[in-house]
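Some notes on the structure that comes next.
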Amino acid sequence: VYFKTRLQNLEWDAGEIAILRCEITNPGASVVWSRGDRVLESNNKYQLKQEGAIVKLIIYNLQGADSGEYICDTGYQKTSSMLTVQELEVTIVKVLNSCSVREG
């Protein structure tokens with residue numbers, strides 16, 4: 001099983017959903033998704049989907065810690081994507097005022 005289309009590098013904002021997708025030559029063939037040495041499984045963070053020859057890894061609620069290399073492996077060939085998650089900028093709209101309080 002080989003890849004017709006490979007994964008692309010992606011850049012997303014924190015809090016969004018990222019979809020990594022590629023196409024394999026044999027519809028229904030199984031693939032293994034991984035990040036580093038860790039094999040990924042469907043859970044509340046990741047969803048692994050296959051629609052015919054299209055395989056997808058959906059990553060929910062992106063955070064900076066999700067940045068890195070994701071790999072799809074058919075057993076014969078691998079493709080990878082570098083995911084970059086941009087943290088949202090924080091803007092202070094009002095500074096806190098000092099105050100004094102009494103105990104009790």
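By convention in this document, the chains of the structure tokens carry letters A, B, ... by their order, each chain's residues are numbered from 1, and ligands are numbered from 1 in the order they are shown.
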Tell me which protein, DNA and RNA residues are within 12 Å of A:Gly28, counting only C-alpha atoms, leaving out same-chain ones fewer than 6 positions away, and put them as an mmCIF file with N, CA and C atoms, in the first residue's frame.
```
data_model
loop_
_atom_site.group_PDB
_atom_site.id
_atom_site.type_symbol
_atom_site.label_atom_id
_atom_site.label_comp_id
_atom_site.auth_asym_id
_atom_site.auth_seq_id
_atom_site.Cartn_x
_atom_site.Cartn_y
_atom_site.Cartn_z
ATOM 1 N N VAL A 1 0.853 -1.178 0.000
ATOM 2 C CA VAL A 1 0.000 0.000 0.000
ATOM 3 C C VAL A 1 0.894 1.235 0.000
ATOM 4 N N LYS A 49 -9.905 8.515 11.047
ATOM 5 C CA LYS A 49 -11.013 8.224 10.147
ATOM 6 C C LYS A 49 -10.477 7.679 8.835
ATOM 7 N N GLN A 50 -11.288 6.866 8.183
ATOM 8 C CA GLN A 50 -10.962 6.383 6.848
ATOM 9 C C GLN A 50 -12.236 6.365 6.021
ATOM 10 N N GLU A 51 -12.170 7.026 4.876
ATOM 11 C CA GLU A 51 -13.295 7.071 3.945
ATOM 12 C C GLU A 51 -12.763 6.580 2.604
ATOM 13 N N GLY A 52 -12.884 5.277 2.357
ATOM 14 C CA GLY A 52 -12.324 4.692 1.146
ATOM 15 C C GLY A 52 -10.811 4.760 1.194
ATOM 16 N N ALA A 53 -10.222 5.457 0.209
ATOM 17 C CA ALA A 53 -8.760 5.574 0.139
ATOM 18 C C ALA A 53 -8.235 6.791 0.892
ATOM 19 N N ILE A 54 -9.124 7.621 1.418
ATOM 20 C CA ILE A 54 -8.721 8.822 2.158
ATOM 21 C C ILE A 54 -8.635 8.483 3.642
ATOM 22 N N VAL A 55 -7.458 8.741 4.231
ATOM 23 C CA VAL A 55 -7.285 8.532 5.670
ATOM 24 C C VAL A 55 -7.029 9.886 6.317
ATOM 25 N N THR A 74 1.829 3.021 6.209
ATOM 26 C CA THR A 74 1.051 1.920 5.618
ATOM 27 C C THR A 74 1.687 0.567 5.892
#
```
Any idea what the distance is between atom CA of A:Tyr70 and atom CA of A:Asn26?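 Separation of atom CA of A:Tyr70 and atom CA of A:Asn26: 21.0 Å.
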Would you mind telling me which residue in A:Cys72, A:Leu40, A:Ile59, A:Leu10 lies nearest to A:Ile24 when using only C-alpha atoms?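 Of A:Cys72, A:Leu40, A:Ile59, A:Leu10, the one nearest A:Ile24 is A:Cys72, counting only C-alpha atoms.
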Provide the atom CA of A:Phe3 to atom CA of A:Gln47 distance in Å, to one decimal place.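 Separating atom CA of A:Phe3 from atom CA of A:Gln47 is a distance of 20.1 Å.
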Excluding A:Arg6 and any residue of its chain fewer than 2 positions from it, enumerate the residues within 9 Å of it, using only C-alpha atoms, and give them as a VMD selection string. chain A and resid 3 to 4 8 21 to 24 78 to 81
